[in-house]
Each structure stands twice: as C-alpha cells, then as structure tokens.
Amino acid sequence: MPCAGLVRAGHGAAGRLLKVDGKLVADAVINTQIVLDPEGRKKELEALGIPWVQALSYRKGDAADWRADPQGLPLIDVPFFLAQGEYAGIADAVVAGAQKKGDDAVTVIPEQSAAVVTKVINQVRLQRLPNADKKLAGVVWNYPPGEKNLSASYLHLPLSLAATLKSLKAAGYDARPEEEAVLINNLQRLLAPFYRDGQLPSLLRDPG
C-alpha cells in the first residue's frame with residue numbers, strides 16, 4: 001500500500017500523488033491532517049473511489065491525558081479537525097496520536113493506531129467483496145414512542161425503504177424488495193417486543 005504526504009495540497013493533488021502513469025496504486029488513504037477546502041476534497045475523494053480514514057491527534061496532552069479525558073476530543077477541535085473531514089466524506093475519525101509533554105511532538109497511541117490500520121484493511125476488504133456477499137443493517141426511528149410509529153424527518157419512510165430495497169437488488173445485493181404495506185407490517189412486528197411481553201419468541205421463530 002503506497003504512502004504519500006499531502007502538505008497543503010491543492011485540488012487534485014491526492015489523485016496525482018496516488019497514481020502512477022494514470023493508474024491508481026493505492027487501496028486506501030489514512031489522512032492525518034486538517035481537511036481544508038472540504039467541498040473540493042469531497043469531489044476528489046469521490047473521484048478516487050477508495051476508502052479514506054481520518055486519524056486525529058489529541059492536542060491537550062499526552063496519551064495518558066487522552067485516556068483520562070471523558071470527551072476524547074476537545075470541543076474546540078471539532079469544527080476544524082472533525083467536522084470538515086466529515087463534510088468531505090471522511091467519517092468516523094479515530095484519535096491515533098497525542099502530543100508528547102515537553103516538546104509537543106505528536107506520538108502514536110499504539111492501540112489506537114492499530115485500530116486505524118484494522119479499520120482500513122476491513123474497509124478495503126469490504127470494497128472488494130461482491131455486493132451479494134455484503135451484509136447490511138438498517139435503522140428506523142421509533143418516534144414518537146409507540147408500537148406502530150415509524151418516522152423520519154420529512155421522509156416517507158416505508159415508501160423510501162421500498163425504493164431503497166429495489167435499488168439494492170438492482171445493484172446485486174441479496175435484498176428482498178417488498179411493497180410499502182408489507183414493510184409497514186414487518187417493521188411494526190419488530191417494534192412489538194419493545195412494548196409487549198411475549199412477542200419476541202414468535203418473532204424469532206418466523207423465518208421471514
């Protein structure tokens with residue numbers, strides 16, 4: 001997996017550094033820098049089409065300070081070091097280093113750095129896996145509380161889910177498209193055990 005340094009790189013710089021004779025030679029990118037121009041970076045990431053992972057540094061102390069910090073990432077760092085990367089499409093950042101006391105040099109946090117590498121390897125493996133072999137999970141919002149309530153802000157959830165299942169099937173996923181009424185019934189059955197005792201055993205026995 002080739003490595004390259006991007007220091008205040010301009011538009012398209014990542015693509016130029018990660019290609020040899022016009023061919024992409026990297027499977028993934030671990031970014032350790034602040035993400036400037038998130039709109040431009042977003043387009044660049046989408047064009048490359050490989051996983052990007054954001055590795056952050058704890059800037060308020062060393063590894064021991066980070067482990068003792070209930071937040072893990074200072075609030076002041078969120079807009080610059082977290083939010084801009086997420087806007088560009090680099091989600092789920094991981095703190096992988098901390099400042100060494102005395103000279104402020106950034107040193108790795110071993111278990112966190114290992115977690116970053118593991119995450120990258122898993123993302124590359126997932127990208128290469130045929131869609132039919134991928135496992136997907138969906139989450140629906142049960143609000144307001146109630147056995148029959150399925151909602152999302154400004155979204156017709158059952159109809160949108162029906163369209164999503166059809167798109168997944170067309171893309172080669174092992175998905176089973178259903179009509180809106182069937183989805184409503186099935187999703188409400190999933191909610192029932194949260195509100196009524198004795199519903200879970202029959203639900204678990206149902207192969208559908």
# chains A, B, ... in the order shown; residues from 1 in each chain; ligands from 1
$ residues_around --residues "Leu165 in chain A" --least-positions-apart "6" --cutoff "9 Å" --atoms "only C-alpha atoms" --output "list in words"
Tyr173, Ala175, Arg176, Pro177 and Glu178 of chain A
$ residues_around --residues "Ser160 in chain A" --least-positions-apart "6" --cutoff "12 Å" --atoms "only C-alpha atoms" --output "NGL selection string"
:A and (140 or 151-152 or 154 or 166-167 or 177-180 or 183-184)
$ write_last_selection --atoms "N, CA and C atoms" --output "short mmCIF file (atom, residue, chain, number, x, y, z; two decimals), in the first residue's frame"
data_model
loop_
_atom_site.label_atom_id
_atom_site.label_comp_id
_atom_site.auth_asym_id
_atom_site.auth_seq_id
_atom_site.Cartn_x
_atom_site.Cartn_y
_atom_site.Cartn_z
N VAL A 140 -34.37 2.29 11.85
CA VAL A 140 -35.50 3.19 11.69
C VAL A 140 -35.76 3.90 13.01
N SER A 151 -40.85 6.69 11.78
CA SER A 151 -40.80 8.05 11.26
C SER A 151 -39.38 8.46 10.92
N ALA A 152 -39.28 9.53 10.15
CA ALA A 152 -38.03 10.22 9.84
C ALA A 152 -38.41 11.62 9.39
N TYR A 154 -39.26 14.62 7.51
CA TYR A 154 -39.56 14.97 6.12
C TYR A 154 -39.31 13.81 5.15
N LYS A 166 -35.31 -1.92 -3.69
CA LYS A 166 -35.29 -2.18 -5.13
C LYS A 166 -33.94 -1.78 -5.74
N SER A 167 -33.41 -0.64 -5.29
CA SER A 167 -32.11 -0.18 -5.80
C SER A 167 -31.00 -1.14 -5.38
N PRO A 177 -36.95 -6.94 -2.17
CA PRO A 177 -37.89 -5.81 -2.25
C PRO A 177 -39.29 -6.20 -1.83
N GLU A 178 -39.93 -5.33 -1.09
CA GLU A 178 -41.30 -5.55 -0.63
C GLU A 178 -42.13 -4.29 -0.88
N GLU A 179 -43.43 -4.48 -0.95
CA GLU A 179 -44.31 -3.33 -1.10
C GLU A 179 -44.43 -2.59 0.23
N GLU A 180 -44.90 -1.37 0.13
CA GLU A 180 -44.98 -0.50 1.29
C GLU A 180 -45.78 -1.12 2.44
N LEU A 183 -43.83 -3.84 4.26
CA LEU A 183 -42.76 -3.28 5.07
C LEU A 183 -43.30 -2.68 6.36
N ILE A 184 -44.41 -1.98 6.28
CA ILE A 184 -45.02 -1.40 7.48
C ILE A 184 -45.37 -2.50 8.48
#
$ residues_around --residues "Ala132 in chain A" --least-positions-apart "3" --cutoff "10 Å" --atoms "only C-alpha atoms" --output "PDB file with C-alpha atoms, in the first residue's frame"
ATOM      1  CA  LEU A 129     -16.368  -8.072  -1.580  1.00  0.00           C
ATOM      2  CA  LYS A 135     -24.371  -7.750   4.999  1.00  0.00           C
ATOM      3  CA  LEU A 168     -30.045  -2.573  -3.685  1.00  0.00           C
ATOM      4  CA  LYS A 169     -31.458  -5.564  -5.552  1.00  0.00           C
ATOM      5  CA  ALA A 171     -27.049  -3.321  -7.635  1.00  0.00           C
ATOM      6  CA  GLY A 172     -26.552  -7.012  -6.884  1.00  0.00           C
ATOM      7  CA  TYR A 173     -27.237  -7.085  -3.166  1.00  0.00           C
ATOM      8  CA  ASP A 174     -29.104 -10.008  -1.633  1.00  0.00           C
ATOM      9  CA  ALA A 175     -32.093  -7.790  -0.879  1.00  0.00           C
TER      10      ALA A 175
END
$ atom_distance --atom1 "CA of Ser57 in chain A" --atom2 "CA of Gly102 in chain A"
16.2 Å
$ select_by_dssp --residues "chain A" --states "alpha helix (DSSP H)" --output "ChimeraX atom specification"
/A:13-17,38-48,63-68,84-88,110-128,157-170,180-195,200-205
$ atom_distance --atom1 "CA of Gln99 in chain A" --atom2 "CA of Tyr58 in chain A"
6.5 Å
$ atom_distance --atom1 "CA of Val106 in chain A" --atom2 "CA of Leu36 in chain A"
20.1 Å
$ select_by_dssp --residues "range 81-153 of chain A" --states "strand (DSSP E or B)" --output "list in words"
Val94, Val95, Ala96, Gly97, Ala98, Gln99, Val106, Thr107, Val108, Trp141 and Ser151 of chain A
$ write_last_selection --atoms "C-alpha atoms" --output "PDB file, in the first residue's frame"
ATOM      1  CA  VAL A  94     -10.192   7.941  15.201  1.00  0.00           C
ATOM      2  CA  VAL A  95      -7.785   9.583  17.688  1.00  0.00           C
ATOM      3  CA  ALA A  96      -4.474   7.853  16.941  1.00  0.00           C
ATOM      4  CA  GLY A  97      -1.848  10.144  18.458  1.00  0.00           C
ATOM      5  CA  ALA A  98      -1.203  12.651  21.240  1.00  0.00           C
ATOM      6  CA  GLN A  99       1.230  15.457  21.994  1.00  0.00           C
ATOM      7  CA  VAL A 106       2.879  14.042  18.217  1.00  0.00           C
ATOM      8  CA  THR A 107       3.452  10.425  19.190  1.00  0.00           C
ATOM      9  CA  VAL A 108       1.254   7.480  18.313  1.00  0.00           C
ATOM     10  CA  TRP A 141     -36.558   5.915  14.110  1.00  0.00           C
ATOM     11  CA  SER A 151     -40.799   8.052  11.257  1.00  0.00           C
TER      12      SER A 151
END
$ closest_atom_pairs --of "range 119-189 of chain A" --to "range 29-32 of chain A" --cutoff "12 Å" --atoms "only C-alpha atoms" --output "Markdown table"
| residue | atom | partner | partner_atom | distance |
| --- | --- | --- | --- | --- |
| A:Lys119 | CA | A:Ile30 | CA | 10.1 |
| A:Val120 | CA | A:Ile30 | CA | 7.8 |
| A:Ile121 | CA | A:Val29 | CA | 10.7 |
| A:Gln123 | CA | A:Val29 | CA | 10.8 |
| A:Val124 | CA | A:Val29 | CA | 10.3 |
$ write_last_selection --atoms "C-alpha atoms" --output "compact mmCIF listing (two decimals), in the first residue's frame"
# COMPACT_ATOMS: atom_id res chain seq x y z
CA LYS A 119 -10.31 -0.26 10.03
CA VAL A 120 -8.59 0.50 6.72
CA ILE A 121 -7.95 -3.18 5.99
CA GLN A 123 -12.84 -1.21 4.51
CA VAL A 124 -10.67 -2.33 1.61
$ residues_around --residues "range 193-199 of chain A" --least-positions-apart "5" --cutoff "12 Å" --atoms "only C-alpha atoms" --output "VMD selection string"
chain A and resid 142 145 to 149 187 to 188 204 to 206
$ residues_around --residues "Asp27 in chain A" --least-positions-apart "4" --cutoff "10 Å" --atoms "only C-alpha atoms" --output "MDAnalysis selection string"
chainID A and resid 1:2 18 48:52 120:121 123:125 127
$ decode --residues "range 59-148 of chain A" --atoms "C-alpha atoms" --output "PDB file, in the first residue's frame"
ATOM      1  CA  ARG A  59      -3.888  18.228  21.297  1.00  0.00           C
ATOM      2  CA  LYS A  60      -4.448  18.756  25.028  1.00  0.00           C
ATOM      3  CA  GLY A  61      -1.823  16.393  26.409  1.00  0.00           C
ATOM      4  CA  ASP A  62      -0.197  13.005  26.049  1.00  0.00           C
ATOM      5  CA  ALA A  63      -1.719   9.541  25.706  1.00  0.00           C
ATOM      6  CA  ALA A  64      -2.405   9.285  29.438  1.00  0.00           C
ATOM      7  CA  ASP A  65      -4.276  12.593  29.341  1.00  0.00           C
ATOM      8  CA  TRP A  66      -6.325  11.367  26.385  1.00  0.00           C
ATOM      9  CA  ARG A  67      -7.254   8.149  28.165  1.00  0.00           C
ATOM     10  CA  ALA A  68      -8.413  10.147  31.195  1.00  0.00           C
ATOM     11  CA  ASP A  69     -10.391  12.653  29.143  1.00  0.00           C
ATOM     12  CA  PRO A  70     -14.130  11.792  29.190  1.00  0.00           C
ATOM     13  CA  GLN A  71     -14.620  13.629  25.888  1.00  0.00           C
ATOM     14  CA  GLY A  72     -11.704  12.166  23.971  1.00  0.00           C
ATOM     15  CA  LEU A  73     -11.645  15.121  21.596  1.00  0.00           C
ATOM     16  CA  PRO A  74     -11.712  18.728  22.816  1.00  0.00           C
ATOM     17  CA  LEU A  75     -14.805  20.595  21.691  1.00  0.00           C
ATOM     18  CA  ILE A  76     -12.647  23.369  20.223  1.00  0.00           C
ATOM     19  CA  ASP A  77     -11.113  20.855  17.774  1.00  0.00           C
ATOM     20  CA  VAL A  78     -14.454  19.621  16.422  1.00  0.00           C
ATOM     21  CA  PRO A  79     -15.105  22.328  13.772  1.00  0.00           C
ATOM     22  CA  PHE A  80     -11.617  22.192  12.268  1.00  0.00           C
ATOM     23  CA  PHE A  81     -10.328  18.658  12.761  1.00  0.00           C
ATOM     24  CA  LEU A  82     -13.544  16.613  12.783  1.00  0.00           C
ATOM     25  CA  ALA A  83     -16.449  18.388  11.086  1.00  0.00           C
ATOM     26  CA  GLN A  84     -14.610  19.459   7.934  1.00  0.00           C
ATOM     27  CA  GLY A  85     -13.374  15.927   7.327  1.00  0.00           C
ATOM     28  CA  GLU A  86     -16.885  14.546   7.826  1.00  0.00           C
ATOM     29  CA  TYR A  87     -18.281  17.093   5.375  1.00  0.00           C
ATOM     30  CA  ALA A  88     -15.737  15.893   2.821  1.00  0.00           C
ATOM     31  CA  GLY A  89     -16.884  12.308   3.381  1.00  0.00           C
ATOM     32  CA  ILE A  90     -14.209  11.087   5.822  1.00  0.00           C
ATOM     33  CA  ALA A  91     -16.490   9.842   8.581  1.00  0.00           C
ATOM     34  CA  ASP A  92     -15.862   8.124  11.919  1.00  0.00           C
ATOM     35  CA  ALA A  93     -12.471   9.685  12.697  1.00  0.00           C
ATOM     36  CA  VAL A  94     -10.192   7.941  15.201  1.00  0.00           C
ATOM     37  CA  VAL A  95      -7.785   9.583  17.688  1.00  0.00           C
ATOM     38  CA  ALA A  96      -4.474   7.853  16.941  1.00  0.00           C
ATOM     39  CA  GLY A  97      -1.848  10.144  18.458  1.00  0.00           C
ATOM     40  CA  ALA A  98      -1.203  12.651  21.240  1.00  0.00           C
ATOM     41  CA  GLN A  99       1.230  15.457  21.994  1.00  0.00           C
ATOM     42  CA  LYS A 100       4.360  14.472  23.869  1.00  0.00           C
ATOM     43  CA  LYS A 101       4.900  16.513  27.014  1.00  0.00           C
ATOM     44  CA  GLY A 102       7.895  18.818  26.779  1.00  0.00           C
ATOM     45  CA  ASP A 103       8.192  19.341  23.044  1.00  0.00           C
ATOM     46  CA  ASP A 104       4.582  18.913  21.831  1.00  0.00           C
ATOM     47  CA  ALA A 105       5.704  16.358  19.241  1.00  0.00           C
ATOM     48  CA  VAL A 106       2.879  14.042  18.217  1.00  0.00           C
ATOM     49  CA  THR A 107       3.452  10.425  19.190  1.00  0.00           C
ATOM     50  CA  VAL A 108       1.254   7.480  18.313  1.00  0.00           C
ATOM     51  CA  ILE A 109      -1.118   5.786  20.730  1.00  0.00           C
ATOM     52  CA  PRO A 110      -0.300   2.156  19.837  1.00  0.00           C
ATOM     53  CA  GLU A 111      -3.718   0.548  20.304  1.00  0.00           C
ATOM     54  CA  GLN A 112      -5.432   3.446  18.510  1.00  0.00           C
ATOM     55  CA  SER A 113      -3.036   3.355  15.583  1.00  0.00           C
ATOM     56  CA  ALA A 114      -3.630  -0.388  15.309  1.00  0.00           C
ATOM     57  CA  ALA A 115      -7.377   0.281  15.273  1.00  0.00           C
ATOM     58  CA  VAL A 116      -6.927   2.719  12.363  1.00  0.00           C
ATOM     59  CA  VAL A 117      -4.968   0.146  10.350  1.00  0.00           C
ATOM     60  CA  THR A 118      -7.512  -2.577  11.102  1.00  0.00           C
ATOM     61  CA  LYS A 119     -10.307  -0.256  10.033  1.00  0.00           C
ATOM     62  CA  VAL A 120      -8.594   0.499   6.721  1.00  0.00           C
ATOM     63  CA  ILE A 121      -7.947  -3.179   5.993  1.00  0.00           C
ATOM     64  CA  ASN A 122     -11.593  -4.026   6.727  1.00  0.00           C
ATOM     65  CA  GLN A 123     -12.839  -1.212   4.505  1.00  0.00           C
ATOM     66  CA  VAL A 124     -10.675  -2.333   1.605  1.00  0.00           C
ATOM     67  CA  ARG A 125     -11.834  -5.939   2.100  1.00  0.00           C
ATOM     68  CA  LEU A 126     -15.453  -4.759   2.148  1.00  0.00           C
ATOM     69  CA  GLN A 127     -14.976  -2.700  -1.002  1.00  0.00           C
ATOM     70  CA  ARG A 128     -13.647  -5.744  -2.846  1.00  0.00           C
ATOM     71  CA  LEU A 129     -16.368  -8.072  -1.580  1.00  0.00           C
ATOM     72  CA  PRO A 130     -19.142  -8.806  -4.120  1.00  0.00           C
ATOM     73  CA  ASN A 131     -22.343  -6.953  -3.256  1.00  0.00           C
ATOM     74  CA  ALA A 132     -24.216 -10.240  -2.936  1.00  0.00           C
ATOM     75  CA  ASP A 133     -21.941 -11.230  -0.044  1.00  0.00           C
ATOM     76  CA  LYS A 134     -22.202  -7.972   1.892  1.00  0.00           C
ATOM     77  CA  LYS A 135     -24.371  -7.750   4.999  1.00  0.00           C
ATOM     78  CA  LEU A 136     -26.362  -4.568   5.518  1.00  0.00           C
ATOM     79  CA  ALA A 137     -28.310  -3.360   8.524  1.00  0.00           C
ATOM     80  CA  GLY A 138     -30.965  -0.667   8.594  1.00  0.00           C
ATOM     81  CA  VAL A 139     -32.099   1.523  11.466  1.00  0.00           C
ATOM     82  CA  VAL A 140     -35.505   3.191  11.694  1.00  0.00           C
ATOM     83  CA  TRP A 141     -36.558   5.915  14.110  1.00  0.00           C
ATOM     84  CA  ASN A 142     -39.238   4.861  16.586  1.00  0.00           C
ATOM     85  CA  TYR A 143     -40.533   8.334  17.407  1.00  0.00           C
ATOM     86  CA  PRO A 144     -42.795   9.360  18.947  1.00  0.00           C
ATOM     87  CA  PRO A 145     -42.661   6.259  21.171  1.00  0.00           C
ATOM     88  CA  GLY A 146     -45.245   3.671  20.261  1.00  0.00           C
ATOM     89  CA  GLU A 147     -45.565   0.198  18.832  1.00  0.00           C
ATOM     90  CA  LYS A 148     -46.793   1.424  15.451  1.00  0.00           C
TER      91      LYS A 148
END
